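Enquirer: Sharing a structure below in structure tokens format, with a few things to ask.
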Amino acid sequence: MSHGLLLAFEVTILVLAIFLGFEVISKVPTLLHTPLMSGTNAIHGIVIVGAMLVAGLGHKDTLTTVVGLVAVVLASANVVGGFVVTDRMLEMFRKREPAKTPAAAADGGAAGRDPSKPEVPPTQ
Amino acid sequence: MGRVATDFAYLATIVAFILALKFLSHPATARRGNWIGAVGMLIAIGVTFAQKSVVSYWEILVGMAVGGSFGAVAARRVKMTAMPQMVALFNGVGGGAAALISLAEFHVLAPDPGRLHGDISVSIILSALIGSISFAGSMVAFAKLQELIQGRPIVYLGQQAVNGLLIAAVVAAGVAIVAGAEKQWLIVALILGALLFGVLFVLPIGGADMPVVISLLNAFTGIAAAATGFELENNVLIVSGMLVGASGTLLTILMGRAMNRSIANVLFGAFGQVTPQAAATAATDGGTVRSASAEDVAVMLAYAHKVVFVPGYGLAVAQAQHDVRQLADLLEQKGVEVSYAIHPVAGRMPGHMNVLLAEANVPYPQLEEMDEANSEFSRTDVALVVGANDVVNPDARNNQGSPIYGMPILNVDQANAVVVLKRSMNPGFAGIENPLFYNPKTVMLFGDAKDSITKLIADVKTL
């Protein structure tokens with residue numbers, strides 16, 4: 001592929017990605033905006049691919065290798081930290097209390113009741 | 001692994017990232033989405049290792065182990081109240097990585113004159129420039145949020161002129177490089193200038209405006225990653241970077257809208273420094289402030305039908321989210337209907353309050369967005385404001401002279417009674433008077449939020 005053609009192709013992808021991004025992100029509720037930020041944080045850790053490509057070059061140019069490796073370190077921190085912290089946060093979002101004691105469940109569990117759902121009739 | 005196979009594998013990564021974001025549209029699926037994203041990242045890393053041009057495996061693996069373990073430990077240890085600075089930090093290292101890649105790539109490509117295509121040099125410059133600003137800006141935001149430096153805006157005479165000249169010089173260096181002056185020192189100078197600009201650009205921005213800044217820096221890092229994709233002719237970087245760029249941009253716009261301020265005003269306004277005259281005109285009407293004891297408030301709460309908690313940054317500072325949840329539980333046991341009204345810019349980053357309350361095991365259906373909450377204040381008996389100030393200031397609705405006039409707020413003054421938990425009568429961060437405190441419906445419960453809530457719990461228990 002000629003260079004100009006490749007560039008046109010890349011720009012096409014870029015523009016589609018912008019529209020797709022706005023479309024998908026606008027569906028994320030404000031409730032989840034913090035996990036959205038840390039999740040997208042993890043996604044931009046994809047620069048690790050670029051860092052690997054630069055650091056992994058075979059030629060023995062010390063500056064490139066060192067700078068590339070520092071980029072690998074930074075990007076790895078970004079990737080691992082981003083996904084781990086997002087997972088920690090999302091784990092906490094629960095519809096009702098996770099571990100209800102039998103006593104609390106017996107008194108109707110008012111705390112976790114979802115008003116949008118009809119009460120389940122008691123089964124004998 | 002050949003280029004074609006690699007690109008198809010990268011497509012799998014792109015799909016995984018898009019699914020990850022789609023799954024974030026509901027709390028029930030969000031966690032699975034995050035895992036899908038992580039798998040996508042692993043695929044990308046795996047196929048990159050398999051590329052012929054990548055030969056220094058061991059060095060890279062060691063680098064990954066170092067960076068990865070730092071990231072993992074930091075992510076595991078961080079408190080939920082400190083989430084904004086954590087996000088700023090990860091944001092910064094991502095931007096820094098993008099800038100370093102550009103520096104190295106330029107070093108590899110530049111020695112042969114004429115080897116650089118115009119679009120490659122443009123993307124190298126953009127990635128170096130935006131990545132460096134994002135890195136330095138994020139580090140300053142981190143330092144402010146972590147209170148390593150003062151959170152208040154740091155301003156000096158001629159600040160904007162200095163910043164303007166600096167960014168003009170940096171852009172000029174970039175243009176010179178693209179025009180053919182492919183000198184190593186020029187790109188080093190460009191990066192140093194951009195780093196300095198990043199610092200100077202975030203220093204004058206106050207803590208309350210952090211939700212906007214963090215969102216914007218998030219967008220910057222995404223765009224820097226996309227630019228890196230152009231310089232390496234790599235689709236996965238272009239698409240992923242731009243998804244993040246779009247996300248950060250959208251959040252920046254939403255946060256600006258939630259404060260009724262233009263992004264330019266947030267970035268260059270140095271809020272909190274320009275308001276003394278406006279503060280003086282606040283419609284306090286010479287009213288008096290009524291202070292109540294914890295016992296009085298406990299009675300109000302325990303005999304209410306509906307109580308709405310309105311959390312703000314003060315809740316995070318006092319680390320009172322677990323105590324609030326305990327109080328809410330107690331009230332629910334007494335048959336009180338409890339919910340939480342969350343303003344979009346409460347806290348230091350978008351959605352900050354939701355994370356804190358989720359940490360305290362508040363079921364997410366009780367966390368209500370602004371519009372939903374506002375429709376219910378008229379049938380609310382008590383609105384309990386914990387550490388929030390500007391987001392409940394009725395001047396935003398009524399007083400055209402107020403600096404926050406027009407900002408959408410939580411209309412707590414429509415509730416039958418308002419209780420404000422506050423340390424003292426000092427005006428909030430932005431130095432704006434709040435007539436809510438002088439409203440005859442309002443009582444103040446002075447003291448540290450955590451202590452006050454603990455007292456309320458004890459008193460409600462005795463009723």
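Residues in the structure tokens are named by chain (A, B, ... in the order shown) and by number from 1 within that chain; ligands are numbered from 1 in the order shown.
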If we count only C-alpha atoms and set the cut-off at 12 Å, which residues sit around Val11 of chain A, ignoring sequence neighbours fewer than 2 positions away in its own chain? Please answer as a list in words.
Expert: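 After dropping sequence-adjacent residues, the list is Gly4, Leu5, Leu6, Leu7, Ala8, Phe9, Ile13, Leu14, Val15, Leu16, Ala17 and Ile18 of chain A; Asp119, Ser123, Ala226, Ala227, Gly229, Phe230, Glu233, Asn234, Asn235, Ile238, Val239 and Met242 of chain B.
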Enquirer: Given only C-alpha atoms, how would the per-residue table for segment 68-88 of chain A near segment 8-22 of chain B read, listing every residue at most 12 Å away with its closest atom pair and distance in Å to one decimal, sorted by chain and number, as a tab-separated table?
Expert:
residue	atom	partner	partner_atom	distance
A:Phe83	CA	B:Ala20	CA	11.1
A:Thr86	CA	B:Ala20	CA	11.5
A:Asp87	CA	B:Ala20	CA	11.9
Enquirer: Please provide the set of residues having any atom within 10 Å of Arg31 of chain B, restricted to only C-alpha atoms, with same-chain residues fewer than 5 positions apart removed, written as a PyMOL selection string.
Expert: (chain A and resi 35+86-93) or (chain B and resi 20+23-24+26+36-37)
Enquirer: Choose the residue, out of B:Leu410, B:Leu267, B:Leu243, B:Ala292, that has the smallest atom-to-atom separation from chain A; count only C-alpha atoms.
Expert: B:Leu243
Enquirer: Which of these, B:Val212, B:Leu192, B:Val178, B:Ala458, has the shortest distance to chain A once you count only C-alpha atoms?
Expert: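 For chain A, the nearest of the given residues is B:Val212.
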Enquirer: Which residues in segment 359-394 of chain B does DSSP call strand (DSSP E)? List them as a PyMOL selection string.
Expert: chain B and resi 367-368+382-386
Enquirer: Quick one: residues within 12 Å of Asp459 of chain B, only C-alpha atoms, excluding same-chain residues fewer than 5 positions away - as a list in words?
Expert: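 The residues satisfying every condition are Ser293, Ala294, Glu295, Asp296, Val297, Ala298, Val299, Met300, Leu301, Ala302, Leu327, Leu330, Leu331, Ser452, Ile453 and Thr454 of chain B.
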Enquirer: So which one's closest to Val84 of chain A, A:Thr34, A:Gly50, A:Gly39, A:Gly45? Using only C-alpha atoms, please.
Expert: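 Between A:Thr34, A:Gly50, A:Gly39, A:Gly45, the residue approaching Val84 of chain A most closely is A:Gly39.
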Enquirer: Which distance in Å separates atom CA of His107 of chain B and atom CA of Ala176 of chain B, to one decimal?
Expert: 16.1 Å
Enquirer: Counting only C-alpha atoms, what is within 6 Å of segment 332-344 of chain B, bar same-chain residues fewer than 5 positions away, as a list in words?
Expert: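 The residues satisfying every condition are His305, Lys306, Val307, Val308, Phe309, Val310, Gln366, Leu367, Glu368, Glu369, Met370 and Ala373 of chain B.
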Enquirer: Would you list the contacts of segment 53-55 of chain A as a ChimeraX atom specification, taking every protein, DNA or RNA residue within 10 Å and counting only C-alpha atoms, but skipping same-chain residues closer than 5 positions in sequence?
Expert: /A:47-48,61-72 /B:48-49,51-57,59-60,63,100-102,104-105,108,232
Enquirer: Taking the DSSP assignment computed from this structure's backbone, write out as a ChimeraX atom specification all residues of segment 120-184 of chain B that belong to helix (DSSP H, G or I).
Expert: /B:120-145,159-179,184
Enquirer: If you keep C-alpha atoms, can you produce a file of those selected residues as a PDB file, in the first residue's frame?
Expert:
ATOM      1  CA  ILE B 120       4.944  10.856  10.494  1.00  0.00           C
ATOM      2  CA  SER B 121       6.800  13.906  11.774  1.00  0.00           C
ATOM      3  CA  VAL B 122       3.515  15.658  12.534  1.00  0.00           C
ATOM      4  CA  SER B 123       2.325  12.699  14.584  1.00  0.00           C
ATOM      5  CA  ILE B 124       5.673  12.419  16.369  1.00  0.00           C
ATOM      6  CA  ILE B 125       5.440  16.087  17.311  1.00  0.00           C
ATOM      7  CA  LEU B 126       1.799  15.820  18.414  1.00  0.00           C
ATOM      8  CA  SER B 127       2.412  12.738  20.491  1.00  0.00           C
ATOM      9  CA  ALA B 128       5.520  14.256  22.116  1.00  0.00           C
ATOM     10  CA  LEU B 129       3.741  17.547  22.769  1.00  0.00           C
ATOM     11  CA  ILE B 130       0.399  16.274  24.063  1.00  0.00           C
ATOM     12  CA  GLY B 131       1.942  13.340  25.911  1.00  0.00           C
ATOM     13  CA  SER B 132       4.363  15.648  27.742  1.00  0.00           C
ATOM     14  CA  ILE B 133       1.643  18.138  28.687  1.00  0.00           C
ATOM     15  CA  SER B 134      -0.501  15.270  29.926  1.00  0.00           C
ATOM     16  CA  PHE B 135       2.371  13.809  31.950  1.00  0.00           C
ATOM     17  CA  ALA B 136       3.396  17.050  33.632  1.00  0.00           C
ATOM     18  CA  GLY B 137      -0.179  18.278  34.070  1.00  0.00           C
ATOM     19  CA  SER B 138      -1.259  14.991  35.610  1.00  0.00           C
ATOM     20  CA  MET B 139       1.660  15.016  38.019  1.00  0.00           C
ATOM     21  CA  VAL B 140       0.714  18.517  39.205  1.00  0.00           C
ATOM     22  CA  ALA B 141      -2.929  17.416  39.513  1.00  0.00           C
ATOM     23  CA  PHE B 142      -1.721  14.408  41.498  1.00  0.00           C
ATOM     24  CA  ALA B 143       0.358  16.626  43.789  1.00  0.00           C
ATOM     25  CA  LYS B 144      -2.572  18.979  44.344  1.00  0.00           C
ATOM     26  CA  LEU B 145      -5.030  16.189  45.092  1.00  0.00           C
ATOM     27  CA  GLN B 159       0.503  34.183  33.950  1.00  0.00           C
ATOM     28  CA  GLN B 160      -1.521  33.815  30.818  1.00  0.00           C
ATOM     29  CA  ALA B 161       0.983  35.774  28.753  1.00  0.00           C
ATOM     30  CA  VAL B 162       3.796  33.528  29.988  1.00  0.00           C
ATOM     31  CA  ASN B 163       1.805  30.396  29.211  1.00  0.00           C
ATOM     32  CA  GLY B 164       0.825  31.739  25.809  1.00  0.00           C
ATOM     33  CA  LEU B 165       4.434  32.575  24.874  1.00  0.00           C
ATOM     34  CA  LEU B 166       5.636  29.201  26.093  1.00  0.00           C
ATOM     35  CA  ILE B 167       3.122  27.192  24.098  1.00  0.00           C
ATOM     36  CA  ALA B 168       3.801  29.378  21.039  1.00  0.00           C
ATOM     37  CA  ALA B 169       7.530  28.622  21.328  1.00  0.00           C
ATOM     38  CA  VAL B 170       6.844  24.898  21.703  1.00  0.00           C
ATOM     39  CA  VAL B 171       4.576  24.865  18.669  1.00  0.00           C
ATOM     40  CA  ALA B 172       7.180  26.835  16.718  1.00  0.00           C
ATOM     41  CA  ALA B 173       9.782  24.161  17.519  1.00  0.00           C
ATOM     42  CA  GLY B 174       7.309  21.547  16.289  1.00  0.00           C
ATOM     43  CA  VAL B 175       6.676  23.414  13.065  1.00  0.00           C
ATOM     44  CA  ALA B 176      10.433  23.772  12.499  1.00  0.00           C
ATOM     45  CA  ILE B 177      10.887  20.014  12.869  1.00  0.00           C
ATOM     46  CA  VAL B 178       8.077  19.252  10.455  1.00  0.00           C
ATOM     47  CA  ALA B 179       9.487  21.812   8.024  1.00  0.00           C
ATOM     48  CA  GLN B 184      17.568  16.014  18.035  1.00  0.00           C
TER      49      GLN B 184
END
Enquirer: Near Gly206 of chain B, within 6 Å and counting only C-alpha atoms, which residues show up once chain neighbours fewer than 6 positions away are dropped, as a PyMOL selection string?
Expert: chain B and resi 151-153
Enquirer: Create the file for the chosen residues now, containing C-alpha atoms and written as a tab-separated table (two decimals), in the first residue's frame.
Expert:
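Generated output (again04.tsv):
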chain	number	residue	atom	x	y	z
B	151	GLY	CA	-4.90	22.95	46.14
B	152	ARG	CA	-5.85	26.60	45.78
B	153	PRO	CA	-5.16	28.26	42.46
Enquirer: Between B:Ala38, B:Val73, B:Leu116, B:Ala360, which residue has the minimum interatomic distance to Ile46 of chain A, considering only C-alpha atoms?
Expert: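 Answer, going by the shortest atom-to-atom distance: B:Ala38.
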Enquirer: Pick out the closest residue to Ala225 of chain B from this set: B:Leu237, B:Leu250, B:Met41, B:Val87. Count only C-alpha atoms.
Expert: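 Among the listed residues, B:Leu237 lies closest to Ala225 of chain B.
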Enquirer: Between B:Val47, B:Ala99, B:Met64, B:Met80, single out the one closest to Met349 of chain B, counting only C-alpha atoms.
Expert: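 Between B:Val47, B:Ala99, B:Met64, B:Met80, the residue approaching Met349 of chain B most closely is B:Met80.
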Enquirer: For atom CA of Asp323 of chain B and atom CA of Met83 of chain B, determine how far apart the two atoms are, in Å to one decimal place.
Expert: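 Distance reported for this atom pair: 19.3 Å.
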